[in-house]
Each structure stands twice: as structure tokens, then as C-alpha cells.
$ cat input_4.tsv   # TSV, C-alpha atoms
chain	number	residue	atom	x	y	z
A	1	MET	CA	2.44	60.98	-109.23
A	2	ARG	CA	4.39	58.91	-111.81
A	3	LEU	CA	5.80	62.09	-113.39
A	4	LEU	CA	6.83	63.30	-109.94
A	5	ASP	CA	8.58	59.98	-109.21
A	6	ILE	CA	10.45	60.16	-112.53
A	7	SER	CA	11.53	63.72	-111.78
A	8	ARG	CA	12.80	62.68	-108.36
A	9	ARG	CA	14.79	59.84	-109.90
A	10	HIS	CA	16.40	62.23	-112.37
A	11	VAL	CA	17.28	64.63	-109.55
A	12	ARG	CA	18.84	61.81	-107.52
A	13	ARG	CA	20.77	60.62	-110.56
A	14	GLY	CA	21.99	64.17	-111.20
A	15	PHE	CA	23.19	64.50	-107.63
A	16	GLY	CA	24.87	61.08	-107.93
A	17	ARG	CA	26.79	62.17	-111.03
A	18	LEU	CA	27.78	65.41	-109.33
A	19	ALA	CA	29.08	63.46	-106.32
A	20	VAL	CA	31.16	61.22	-108.60
A	21	LEU	CA	32.67	64.27	-110.30
A	22	LEU	CA	33.49	65.91	-106.96
A	23	PHE	CA	35.15	62.74	-105.68
A	24	ALA	CA	37.13	62.53	-108.91
A	25	LEU	CA	38.35	66.09	-108.59
A	26	LEU	CA	39.30	65.65	-104.93
A	27	PHE	CA	40.72	62.16	-104.88
A	28	ALA	CA	41.86	61.30	-108.41
A	29	SER	CA	43.89	64.38	-109.30
A	30	PRO	CA	47.58	63.45	-109.67
A	31	VAL	CA	48.77	66.76	-108.19
A	32	TRP	CA	46.28	67.38	-105.40
A	33	SER	CA	47.37	66.77	-101.81
A	34	PRO	CA	45.46	67.58	-98.63
A	35	VAL	CA	48.52	68.00	-96.43
A	36	PHE	CA	50.63	70.78	-97.96
A	37	GLY	CA	52.47	72.58	-95.19
A	38	ALA	CA	52.74	69.52	-92.91
A	39	GLU	CA	55.64	67.06	-93.29
A	40	PRO	CA	57.62	67.86	-96.44
A	41	VAL	CA	57.09	64.43	-98.04
A	42	ALA	CA	54.82	61.38	-97.85
A	43	ILE	CA	56.32	57.89	-98.20
A	44	HIS	CA	54.87	54.59	-99.37
A	45	ILE	CA	56.70	51.27	-99.78
A	46	GLU	CA	55.33	49.10	-102.57
A	47	SER	CA	54.76	45.36	-102.20
A	48	PHE	CA	57.53	43.02	-103.31
A	49	THR	CA	56.70	41.21	-106.55
A	50	VAL	CA	59.09	38.33	-105.84
A	51	ALA	CA	59.93	36.67	-102.52
A	52	PRO	CA	62.47	38.50	-100.31
A	53	SER	CA	64.89	35.56	-100.47
A	54	SER	CA	64.96	35.98	-104.28
A	55	GLN	CA	66.53	39.45	-104.01
A	56	PRO	CA	63.60	41.63	-105.10
A	57	LEU	CA	63.69	45.27	-106.02
A	58	ALA	CA	62.12	47.35	-103.25
A	59	GLN	CA	60.35	50.49	-104.48
A	60	VAL	CA	59.88	53.48	-102.17
A	61	VAL	CA	57.41	56.06	-103.50
A	62	VAL	CA	58.04	59.59	-102.25
A	63	LYS	CA	55.68	62.51	-102.83
A	64	ASN	CA	56.57	66.15	-102.26
A	65	LEU	CA	53.82	67.74	-100.14
A	66	GLN	CA	55.24	71.24	-100.43
A	67	GLU	CA	54.65	74.04	-102.88
A	68	VAL	CA	58.42	74.38	-103.33
A	69	PRO	CA	60.97	71.88	-104.71
A	70	TYR	CA	62.28	69.19	-102.38
A	71	GLU	CA	65.85	67.86	-102.19
A	72	GLY	CA	66.84	65.11	-99.83
A	73	SER	CA	67.95	61.53	-99.34
A	74	ILE	CA	66.00	58.30	-98.83
A	75	VAL	CA	67.18	55.36	-96.68
A	76	LEU	CA	65.39	51.98	-96.55
A	77	ALA	CA	65.79	49.33	-93.84
A	78	GLY	CA	64.27	45.86	-93.57
A	79	PRO	CA	63.94	43.32	-90.76
A	80	GLU	CA	67.00	42.44	-88.70
A	81	GLY	CA	69.66	40.72	-90.75
A	82	TRP	CA	68.52	42.06	-94.12
A	83	ARG	CA	71.00	43.82	-96.39
A	84	ILE	CA	69.66	46.56	-98.66
A	85	ALA	CA	71.67	48.66	-101.10
A	86	PRO	CA	72.49	51.39	-101.76
A	87	ALA	CA	72.80	52.90	-98.29
A	88	SER	CA	70.81	55.94	-99.46
A	89	ARG	CA	69.58	57.65	-102.61
A	90	ARG	CA	69.35	61.33	-103.39
A	91	ILE	CA	66.11	62.68	-104.84
A	92	THR	CA	64.89	66.00	-106.21
A	93	LEU	CA	61.15	66.56	-106.50
A	94	ALA	CA	59.15	69.35	-108.10
A	95	PRO	CA	56.32	70.88	-106.05
A	96	GLY	CA	53.66	68.18	-105.67
A	97	GLY	CA	55.83	65.74	-107.63
A	98	SER	CA	56.54	62.11	-106.81
A	99	GLU	CA	59.17	59.51	-107.64
A	100	ARG	CA	59.69	55.75	-107.23
A	101	VAL	CA	63.08	55.18	-105.60
A	102	PRO	CA	64.52	51.66	-106.12
A	103	PHE	CA	66.60	49.67	-103.64
A	104	ASP	CA	68.07	46.18	-104.02
A	105	VAL	CA	67.29	43.60	-101.34
A	106	GLN	CA	70.65	41.83	-101.48
A	107	LYS	CA	69.87	39.64	-98.48
A	108	GLY	CA	66.35	38.91	-97.30
A	109	VAL	CA	64.48	36.10	-95.60
A	110	THR	CA	61.07	34.81	-96.73
A	111	VAL	CA	58.63	34.04	-93.89
A	112	ALA	CA	55.35	32.12	-94.01
A	113	ALA	CA	53.35	35.03	-92.56
A	114	ASN	CA	54.30	37.12	-95.65
A	115	ARG	CA	54.60	40.29	-93.59
A	116	TYR	CA	57.82	42.27	-93.52
A	117	ALA	CA	58.46	45.27	-91.26
A	118	MET	CA	60.13	47.93	-93.41
A	119	THR	CA	61.25	51.45	-92.47
A	120	ALA	CA	61.93	54.27	-94.92
A	121	ARG	CA	63.50	57.56	-93.83
A	122	ALA	CA	63.58	60.82	-95.79
A	123	GLU	CA	65.99	63.55	-94.77
A	124	GLY	CA	65.62	66.95	-96.40
A	125	GLY	CA	63.48	70.06	-96.49
A	126	GLY	CA	64.53	70.85	-92.94
A	127	ALA	CA	62.96	67.70	-91.49
A	128	THR	CA	63.36	63.94	-91.08
A	129	VAL	CA	60.32	61.85	-92.03
A	130	VAL	CA	60.22	58.24	-90.82
A	131	HIS	CA	57.68	55.83	-92.34
A	132	ARG	CA	57.12	52.30	-91.00
A	133	GLN	CA	55.06	49.84	-92.97
A	134	GLU	CA	54.31	46.11	-93.10
A	135	VAL	CA	55.00	45.03	-96.67
A	136	ALA	CA	53.81	41.81	-98.34
A	137	CYS	CA	55.09	39.82	-101.28
A	138	THR	CA	52.34	40.00	-103.91
A	139	SER	CA	53.19	37.38	-106.50
A	140	ALA	CA	51.46	34.52	-108.30
A	141	PRO	CA	53.43	31.26	-108.66
A	142	TYR	CA	53.01	29.10	-111.75
A	143	PHE	CA	50.30	26.45	-111.24
A	144	LYS	CA	46.87	25.39	-112.50
A	145	PRO	CA	44.48	24.75	-109.59
A	146	THR	CA	41.19	22.92	-109.95
A	147	ILE	CA	38.31	25.37	-109.46
A	148	ASP	CA	36.06	23.25	-107.26
A	149	GLY	CA	35.68	25.18	-103.99
A	150	ASP	CA	38.31	23.07	-102.20
A	151	PRO	CA	41.23	25.26	-101.04
A	152	ALA	CA	43.59	22.27	-100.72
A	153	ASP	CA	45.13	23.07	-104.15
A	154	TRP	CA	46.44	26.38	-102.86
A	155	ALA	CA	49.15	25.24	-100.44
A	156	ASP	CA	51.95	26.47	-102.74
A	157	ALA	CA	50.50	29.96	-103.28
A	158	ILE	CA	51.85	33.07	-101.56
A	159	PRO	CA	48.94	34.20	-99.36
A	160	VAL	CA	48.43	37.92	-98.76
A	161	THR	CA	46.54	38.52	-95.51
A	162	PHE	CA	44.88	41.69	-94.24
A	163	ASP	CA	42.47	42.47	-91.42
A	164	THR	CA	39.40	44.70	-91.49
A	165	ALA	CA	37.52	45.39	-88.24
A	166	GLY	CA	38.87	42.17	-86.74
A	167	ARG	CA	37.99	40.00	-89.77
A	168	LYS	CA	40.62	38.37	-91.95
A	169	THR	CA	40.85	38.32	-95.74
A	170	VAL	CA	43.43	36.12	-97.49
A	171	VAL	CA	44.19	36.53	-101.21
A	172	SER	CA	46.15	33.81	-103.05
A	173	THR	CA	47.03	33.79	-106.75
A	174	PHE	CA	48.39	31.42	-109.42
A	175	TRP	CA	49.08	31.88	-113.11
A	176	ASN	CA	49.72	29.75	-116.17
A	177	SER	CA	49.73	30.45	-119.90
A	178	ARG	CA	45.94	30.25	-120.13
A	179	ARG	CA	44.53	31.81	-116.97
A	180	LEU	CA	44.98	33.89	-113.84
A	181	SER	CA	43.53	32.11	-110.79
A	182	LEU	CA	42.59	33.58	-107.43
A	183	LEU	CA	41.40	32.24	-104.10
A	184	VAL	CA	39.90	34.89	-101.80
A	185	ALA	CA	39.17	33.55	-98.32
A	186	VAL	CA	36.80	35.84	-96.41
A	187	GLU	CA	36.21	35.46	-92.69
A	188	GLU	CA	32.57	36.43	-92.09
A	189	GLU	CA	29.55	35.36	-90.05
A	190	ARG	CA	27.41	34.31	-92.99
A	191	LEU	CA	27.32	34.25	-96.77
A	192	VAL	CA	24.57	36.15	-98.58
A	193	GLY	CA	24.22	35.11	-102.22
A	194	LEU	CA	22.98	37.07	-105.19
A	195	ALA	CA	19.55	35.40	-105.12
A	196	ALA	CA	18.66	36.61	-101.61
A	197	GLU	CA	15.53	38.77	-101.92
A	198	GLY	CA	16.00	42.36	-100.77
A	199	THR	CA	19.36	41.65	-99.09
A	200	PRO	CA	22.61	43.21	-100.34
A	201	PRO	CA	24.86	40.34	-101.46
A	202	ASP	CA	28.39	39.51	-100.38
A	203	ALA	CA	30.87	39.69	-103.26
A	204	VAL	CA	34.48	40.00	-104.36
A	205	GLN	CA	35.40	42.74	-106.83
A	206	LEU	CA	38.67	42.41	-108.76
A	207	ALA	CA	40.65	44.83	-110.92
A	208	VAL	CA	43.47	43.63	-113.19
A	209	SER	CA	45.50	46.04	-115.30
A	210	PRO	CA	48.88	46.25	-117.05
A	211	LYS	CA	51.86	47.69	-115.24
A	212	GLY	CA	51.98	51.45	-115.59
A	213	ALA	CA	48.25	51.88	-116.19
A	214	VAL	CA	46.77	55.06	-114.75
A	215	THR	CA	43.17	55.69	-113.70
A	216	ALA	CA	41.71	58.68	-115.57
A	217	ALA	CA	40.92	61.71	-113.44
A	218	THR	CA	37.46	62.57	-114.78
A	219	PRO	CA	34.31	60.60	-115.72
A	220	ASP	CA	34.76	61.43	-119.41
A	221	GLY	CA	37.91	59.27	-119.46
A	222	GLN	CA	38.17	55.55	-120.17
A	223	ALA	CA	38.91	52.57	-117.94
A	224	SER	CA	42.42	51.10	-118.08
A	225	ARG	CA	41.51	47.92	-116.20
A	226	PHE	CA	39.76	44.59	-116.54
A	227	GLU	CA	37.24	44.48	-113.70
A	228	PHE	CA	35.23	41.53	-112.44
A	229	LEU	CA	32.57	40.85	-109.81
A	230	VAL	CA	32.26	37.39	-108.22
A	231	VAL	CA	29.21	36.40	-106.18
A	232	ALA	CA	27.64	33.24	-104.80
A	233	ALA	CA	24.68	32.21	-106.93
A	234	GLY	CA	22.69	30.76	-104.03
A	235	ASP	CA	23.40	27.05	-104.23
A	236	SER	CA	26.38	25.59	-102.39
A	237	GLY	CA	29.45	25.61	-104.64
A	238	ALA	CA	27.81	27.75	-107.31
A	239	GLY	CA	29.11	31.15	-108.26
A	240	LYS	CA	28.88	33.74	-111.02
A	241	CYS	CA	31.43	36.10	-112.50
A	242	PHE	CA	30.48	39.36	-114.22
A	243	GLN	CA	32.85	41.57	-116.21
A	244	LEU	CA	32.23	45.17	-115.17
A	245	ALA	CA	34.89	46.91	-117.27
A	246	ALA	CA	37.66	46.48	-119.83
A	247	PRO	CA	40.26	48.95	-121.11
A	248	GLY	CA	38.33	51.51	-123.12
A	249	THR	CA	35.06	51.26	-121.18
A	250	PRO	CA	33.78	54.83	-120.55
A	251	LEU	CA	34.21	55.65	-116.88
A	252	ALA	CA	30.87	57.42	-116.81
A	253	GLU	CA	29.31	54.06	-117.71
A	254	THR	CA	31.05	52.30	-114.80
A	255	GLN	CA	29.56	54.79	-112.34
A	256	GLU	CA	25.97	53.87	-113.22
A	257	PRO	CA	24.74	50.57	-111.70
A	258	ARG	CA	23.95	48.30	-114.65
A	259	ALA	CA	21.96	45.08	-114.85
A	260	LEU	CA	24.42	42.25	-114.21
A	261	GLY	CA	22.79	39.69	-116.53
A	262	PRO	CA	24.31	41.01	-119.80
A	263	LEU	CA	27.73	41.29	-118.10
A	264	VAL	CA	28.09	37.61	-117.17
A	265	CYS	CA	31.56	36.25	-117.98
A	266	ASP	CA	30.93	32.71	-119.23
A	267	ASP	CA	34.63	32.04	-119.87
A	268	ALA	CA	35.52	32.41	-116.18
A	269	GLU	CA	35.46	29.43	-113.82
A	270	VAL	CA	33.96	30.12	-110.39
A	271	ALA	CA	33.32	28.11	-107.23
A	272	VAL	CA	32.11	29.48	-103.90
A	273	SER	CA	32.18	27.39	-100.73
A	274	ARG	CA	31.96	27.73	-96.94
A	275	ALA	CA	33.94	26.15	-94.11
A	276	GLY	CA	33.12	27.35	-90.60
A	277	HIS	CA	33.07	31.13	-90.67
A	278	THR	CA	35.10	31.43	-93.89
A	279	THR	CA	33.81	31.87	-97.44
A	280	PHE	CA	36.12	30.73	-100.24
A	281	TYR	CA	35.82	32.45	-103.61
A	282	GLU	CA	37.79	30.52	-106.22
A	283	ILE	CA	38.11	32.12	-109.66
A	284	ALA	CA	40.00	31.40	-112.88
A	285	LEU	CA	40.05	34.26	-115.41
A	286	PRO	CA	41.13	33.51	-118.99
A	287	PHE	CA	44.16	35.42	-120.22
A	288	ARG	CA	42.99	35.37	-123.84
A	289	PRO	CA	40.84	38.56	-123.63
A	290	MET	CA	43.59	40.27	-121.61
A	291	ARG	CA	46.60	39.08	-123.61
A	292	ASP	CA	47.03	42.30	-125.63
A	293	HIS	CA	47.47	44.15	-122.33
A	294	ILE	CA	48.94	41.51	-119.97
A	295	ARG	CA	51.05	38.68	-121.38
A	296	PRO	CA	51.55	35.82	-118.92
A	297	SER	CA	55.23	35.04	-118.38
A	298	GLU	CA	57.62	34.53	-115.49
A	299	GLY	CA	58.88	37.84	-114.13
A	300	ARG	CA	55.98	39.81	-115.61
A	301	GLU	CA	54.52	42.51	-113.39
A	302	PHE	CA	50.96	43.79	-113.53
A	303	CYS	CA	48.45	45.47	-111.21
A	304	LEU	CA	45.85	43.65	-109.14
A	305	SER	CA	43.55	44.88	-106.41
A	306	VAL	CA	40.66	43.41	-104.45
A	307	LEU	CA	37.53	44.72	-102.75
A	308	VAL	CA	35.51	42.42	-100.50
A	309	HIS	CA	31.85	43.36	-99.99
A	310	ASP	CA	30.50	42.22	-96.62
A	311	PRO	CA	27.48	44.53	-96.15
A	312	ASP	CA	26.08	42.84	-93.03
A	313	GLY	CA	29.52	42.69	-91.39
A	314	THR	CA	32.63	44.75	-92.01
A	315	GLY	CA	31.36	46.66	-95.03
A	316	VAL	CA	33.87	47.13	-97.86
A	317	ARG	CA	37.31	45.61	-97.27
A	318	ASP	CA	39.94	47.27	-99.42
A	319	TRP	CA	43.34	45.76	-100.23
A	320	GLY	CA	44.50	49.24	-101.33
A	321	ARG	CA	44.17	50.46	-97.77
A	322	ALA	CA	46.02	47.42	-96.40
A	323	ALA	CA	48.76	47.96	-99.01
A	324	GLY	CA	49.42	51.40	-97.51
A	325	LEU	CA	48.13	53.71	-100.23
A	326	TRP	CA	47.84	57.36	-99.23
A	327	PRO	CA	44.46	58.78	-98.13
A	328	TRP	CA	44.26	61.04	-101.18
A	329	GLN	CA	44.62	57.98	-103.44
A	330	ARG	CA	40.98	57.13	-102.83
A	331	ASN	CA	39.39	57.22	-106.25
A	332	ALA	CA	35.68	57.01	-107.02
A	333	LEU	CA	36.47	56.24	-110.67
A	334	ALA	CA	38.68	53.23	-109.97
A	335	TRP	CA	35.79	50.83	-109.27
A	336	SER	CA	32.45	50.15	-110.94
A	337	ARG	CA	29.11	50.60	-109.23
A	338	TRP	CA	26.75	47.63	-109.39
A	339	PRO	CA	23.16	46.94	-108.23
A	340	GLY	CA	22.90	46.08	-104.55
A	341	ALA	CA	26.41	47.22	-103.60
A	342	GLN	CA	26.68	48.99	-100.26
A	343	TRP	CA	29.47	51.59	-100.37
A	344	GLY	CA	30.86	53.43	-97.35
A	345	ASP	CA	31.14	57.15	-96.73
A	346	HIS	CA	34.37	57.38	-98.74
A	347	PRO	CA	35.30	55.87	-102.12
A	348	PRO	CA	37.68	52.90	-102.24
A	349	PHE	CA	41.37	53.32	-102.93
A	350	ASP	CA	42.77	53.26	-106.44
A	351	ASN	CA	43.22	49.78	-107.90
A	352	LYS	CA	46.76	50.04	-109.27
A	353	THR	CA	48.73	47.96	-106.74
A	354	PRO	CA	51.70	45.91	-108.01
A	355	TRP	CA	51.61	42.12	-108.49
A	356	GLY	CA	54.02	39.71	-110.13
A	357	MET	CA	54.26	36.30	-111.79
A	358	CYS	CA	56.95	33.93	-110.52
A	359	SER	CA	57.90	30.28	-111.03
A	360	SER	CA	57.19	29.21	-107.44
A	361	LYS	CA	57.15	30.50	-103.89
A	362	TYR	CA	60.32	28.58	-103.01
$ encode --input "input_4.tsv" --output "C-alpha cells"
Amino acid sequence: MRLLDISRRHVRRGFGRLAVLLFALLFASPVWSPVFGAEPVAIHIESFTVAPSSQPLAQVVVKNLQEVPYEGSIVLAGPEGWRIAPASRRITLAPGGSERVPFDVQKGVTVAANRYAMTARAEGGGATVVHRQEVACTSAPYFKPTIDGDPADWADAIPVTFDTAGRKTVVSTFWNSRRLSLLVAVEEERLVGLAAEGTPPDAVQLAVSPKGAVTAATPDGQASRFEFLVVAAGDSGAGKCFQLAAPGTPLAETQEPRALGPLVCDDAEVAVSRAGHTTFYEIALPFRPMRDHIRPSEGREFCLSVLVHDPDGTGVRDWGRAAGLWPWQRNALAWSRWPGAQWGDHPPFDNKTPWGMCSSKY
């Protein structure tokens, strides 16, 4: 019977590895698109990395969905009263190719809700494609909060809010020369900590990577991210942080759930607290291990993405989806598996979403 159980485990593990490879081939390939023959291009507007009133650069990503070259023009419009230049930009794309098209926000207004209705229009290939998207400012002001579970320190952050199945997640960030700090406020019915017997825990999973990093397309590649898991440890105010990956970690290793004990990140500061129906995850990650890849300084851009695990509620909440990434940018290799995690029917989105470091939100 024991030999039979071992054989079954090996079969399940083999099927698991095969599934990871299939997801990688389908969702991680830089040239694969599921919608060739539909609209000629797909459009995505990246988050601003400085506040709109500070005249940010707006980046429109355009992907050719055809098997022939695309030539056309791109126009970007913001909320009423905004001034964006130039009026339009010409682009030429190879079959399946993509390009980031920059526009200057010469006049913009910052609002407390941090949601900006943007419209990009592509004209070419015999069609006009109009894309509307709510864009956020994703930037960390300079400040050192106290990691104590009290969100009062975070009034001067730039909160990024997204909804999943009627539940709100708010991500706030700060930076200073020593650490990157995050407050993730999760609206949920209850908090399940890591110590709960037989119950999948709630958690926040973070990926931080340098600007321009690319997720490898196959499991034999290496991670290009620093990845962390933050969970409540059971007692009020207690939390633990585990480092799941660093640049150079084999991706095949990240796809096998590993014991969390050896991965504990003692240098991180963590506090987890509850107020009403909201869980507050407060984390400070030291820059020292990341400094060769991400140097903290004003105006620096990097990539940051967040998954919230709420297995007895909304399931996995994915900032990549809220940021407007394309469906084919789901990537099974972009996030590590860990014991007790409950994943949905589809892999999360890739974790390379832009973030910035600024002096303040004002």
C-alpha cells in the first residue's frame, strides 16, 4: 500500500509539472496571442509612476494581434481639462510585436480617489480600436512608517484601490534609503492565520523586481524577482514574512510547494492587525539584499505586484488584473507555489507592473 501511495504521489507531481509547462507555453510566450484575426491591436495603459499634477509620462502599450505588419496612429485622452501631447503618435509593429508609446501629461489633476479615466485610440489596419481604462498612480512617497499594525502612519501615502467580487483591497507604499514599506488593507469577513489547523491561511504575496525585468518563459529559466509571502502568525499583531524567490532562483523550484520554515525572512518587519472587517498587513522589506538590483532614490522606477489570498472569501485577488493586463499575460511562472495556497482555475497575471519612488504625494 505504501509503495502504491508513493507511486500515486509521483504521478500527481508529474501531472503538476506538466500543467505548469503547459501554462508557461500558453500564457508566458512573448509572441503568443489568442485573438489573431480579431481587432488588429490590443491596447493597455500603464499606471502613472508620479502624480498626474506632476506631469508624468503616460505609457500606452500596443500589441499587434495580426500575422501581418501594422501601421497606424495612437491618440491618448485623459479626464476633462487634461492636456496631453503630442496629439498622436505613429507606430509600426511587426506581426505579433508590441511597443510602449509615450505621451506627456502637460496638464493633469491629482484626485484623492487615485483613479483616472483614460482613453486610447488606435487607427490603422482598416479599423479604429478604442480602449478605455481606469489608471492609478502607483508610487511610493519618501517616509519611514512605524510597523506596529496601526495604519495611522499611512495618511501621506498614495493608496491604490481595487475591488474583487465586491471586496476592497488597498495597497499603500513608502520608501526610504533603508527599506520599502507596504500597507495592504484587505476587506474580508475573517482572518485565518498560518497556525489554523487544516484551514488554508489568508496571506499577501508580493513580487518586487527591477524595471525592465522579464519573466522567463519556461520552468528551466530563473526568477528575476524578489518574492515574499506575508501571513498572520496567529496572535493579534503578529506576522511572519517568508522569502519565496530572489533573482537567480530556478523557476522549477518556485513551482514546487516548499516548507516555509527555512524561508523565513528575519530582516523584514511585519505586523498584522484587524479593525472591523479589514485586515491590515504592514511590512517593511530591507533594501540591502535588493540594492544590486533596485537602488532606492527619488524618481527611480521598479516593478511591484500584489496577490491577496482569501481562500474562504474572494479567492485570489490579483493587482495585475486590476491594472489592466491582457488575458494572455497570465503567467504560471510569475508566482511561487506554497503549502496551503488555494489557486483558482487560471494562473495569476504576470508580476511586472510599474511602480515609482517620489518625494511626496503633494
$ residues_around --input "input_4.tsv" --residues "Val231 of chain A" --least-positions-apart "6" --cutoff "7 Å" --atoms "only C-alpha atoms" --output "compact mmCIF listing (two decimals) with C-alpha atoms, in the frame of the given file"
# COMPACT_ATOMS: atom_id res chain seq x y z
CA GLY A 193 24.22 35.11 -102.22
CA LEU A 194 22.98 37.07 -105.19
CA ASP A 202 28.39 39.51 -100.38
CA ALA A 203 30.87 39.69 -103.26
CA VAL A 204 34.48 40.00 -104.36
CA GLY A 239 29.11 31.15 -108.26
CA LYS A 240 28.88 33.74 -111.02
CA CYS A 241 31.43 36.10 -112.50
$ residues_around --input "input_4.tsv" --residues "Ala140 of chain A" --least-positions-apart "4" --cutoff "9 Å" --atoms "all atoms listed in the file" --output "list in words"
Thr49, Val50, Ala157, Ile158, Ser172, Thr173, Phe174, Trp175, Leu180, Ser181, Leu182, Trp355, Gly356, Met357, Cys358, Ser359, Ser360 and Lys361 of chain A
$ closest_residue --input "input_4.tsv" --among "A:His131, A:Arg115, A:Arg288, A:Arg179" --to "Pro159 of chain A" --atoms "all atoms listed in the file"
A:Arg115
$ residues_around --input "input_4.tsv" --residues "segment 77-85 of chain A" --least-positions-apart "4" --cutoff "7 Å" --atoms "all atoms listed in the file" --output "list in words"
Phe103, Asp104, Val105, Gln106, Lys107, Gly108, Tyr116, Ala117, Met118, Thr119 and Ala120 of chain A
$ atom_distance --input "input_4.tsv" --atom1 "atom CA of Arg337 of chain A" --atom2 "atom CA of Val160 of chain A"
25.4 Å
$ atom_distance --input "input_4.tsv" --atom1 "atom CA of Arg100 of chain A" --atom2 "atom CA of Leu304 of chain A"
18.5 Å
$ residues_near_point --input "input_4.tsv" --point "(65.9, 67.7, -106.0)" --cutoff "9 Å" --atoms "all atoms listed in the file" --output "number ranges by chain"
A: 69-72, 90-94
$ atom_distance --input "input_4.tsv" --atom1 "atom CA of Val270 of chain A" --atom2 "atom CA of Gly237 of chain A"
8.6 Å
$ residues_around --input "input_4.tsv" --residues "Asp312 of chain A" --least-positions-apart "6" --cutoff "12 Å" --atoms "all atoms listed in the file" --output "list in words"
Glu188, Glu189, Arg190, Leu191, Val192, Thr199, Pro200, Pro201, Asp202, Ala203, Ala341, Gln342 and Trp343 of chain A
$ closest_residue --input "input_4.tsv" --among "A:Glu301, A:Glu187, A:Asp156, A:Asp350" --to "Arg225 of chain A" --atoms "all atoms listed in the file"
A:Asp350
$ axis_aligned_box --input "input_4.tsv" --around "segment 296-299 of chain A" --padding-each-side "4 Å" --output "AutoDock Vina command-line options"
--center_x 55.2 --center_y 36.2 --center_z -116.5 --size_x 15.3 --size_y 11.3 --size_z 12.8
$ residues_around --input "input_4.tsv" --residues "segment 150-155 of chain A" --least-positions-apart "4" --cutoff "10 Å" --atoms "all atoms listed in the file" --output "list in words"
Phe143, Lys144, Pro145, Thr146, Pro159, Ser172, Thr173, Phe174, Leu182, Leu183, Val184, Ala185, Gly237, Ala271, Val272, Ser273, Arg274, Ala275, Phe280, Tyr281 and Glu282 of chain A
$ closest_residue --input "input_4.tsv" --among "A:Pro354, A:Pro296, A:Pro52, A:Gly221" --to "Leu333 of chain A" --atoms "all atoms listed in the file"
A:Gly221
$ residues_near_point --input "input_4.tsv" --point "(42.6, 47.3, -115.3)" --cutoff "6 Å" --atoms "all atoms listed in the file" --output "ChimeraX atom specification"
/A:207-209,224-226
$ closest_residue --input "input_4.tsv" --among "A:Phe228, A:His309, A:Trp326, A:Glu256" --to "Val41 of chain A" --atoms "all atoms listed in the file"
A:Trp326
$ closest_residue --input "input_4.tsv" --among "A:Glu67, A:Ala58, A:Ala195, A:His293" --to "Pro86 of chain A" --atoms "only C-alpha atoms"
A:Ala58
$ closest_residue --input "input_4.tsv" --among "A:Ala51, A:Glu227, A:Ala245, A:Asp220" --to "Val111 of chain A" --atoms "all atoms listed in the file"
A:Ala51
$ build_atoms --input "input_4.tsv" --residues "segment 86-98 of chain A" --atoms "N, CA and C atoms" --output "short mmCIF file (atom, residue, chain, number, x, y, z; two decimals), keeping the file's coordinate frame"
data_model
loop_
_atom_site.label_atom_id
_atom_site.label_comp_id
_atom_site.auth_asym_id
_atom_site.auth_seq_id
_atom_site.Cartn_x
_atom_site.Cartn_y
_atom_site.Cartn_z
N PRO A 86 71.38 50.70 -102.43
CA PRO A 86 72.49 51.39 -101.76
C PRO A 86 72.11 51.85 -100.36
N ALA A 87 73.07 52.41 -99.64
CA ALA A 87 72.80 52.90 -98.29
C ALA A 87 71.77 54.01 -98.30
N SER A 88 71.80 54.87 -99.33
CA SER A 88 70.81 55.94 -99.46
C SER A 88 70.79 56.39 -100.92
N ARG A 89 69.70 57.08 -101.27
CA ARG A 89 69.58 57.65 -102.61
C ARG A 89 69.14 59.10 -102.50
N ARG A 90 69.74 59.92 -103.33
CA ARG A 90 69.35 61.33 -103.39
C ARG A 90 68.16 61.49 -104.33
N ILE A 91 67.24 62.39 -103.97
CA ILE A 91 66.11 62.68 -104.84
C ILE A 91 65.88 64.19 -104.90
N THR A 92 65.33 64.62 -106.02
CA THR A 92 64.89 66.00 -106.21
C THR A 92 63.48 65.94 -106.77
N LEU A 93 62.55 66.61 -106.10
CA LEU A 93 61.15 66.56 -106.50
C LEU A 93 60.61 67.96 -106.76
N ALA A 94 59.85 68.10 -107.83
CA ALA A 94 59.15 69.35 -108.10
C ALA A 94 58.01 69.51 -107.10
N PRO A 95 57.47 70.71 -106.94
CA PRO A 95 56.32 70.88 -106.05
C PRO A 95 55.19 69.93 -106.40
N GLY A 96 54.72 69.14 -105.44
CA GLY A 96 53.66 68.18 -105.67
C GLY A 96 54.09 66.95 -106.44
N GLY A 97 55.37 66.86 -106.82
CA GLY A 97 55.83 65.74 -107.63
C GLY A 97 56.11 64.50 -106.80
N SER A 98 56.24 63.37 -107.49
CA SER A 98 56.54 62.11 -106.81
C SER A 98 57.53 61.31 -107.63
#
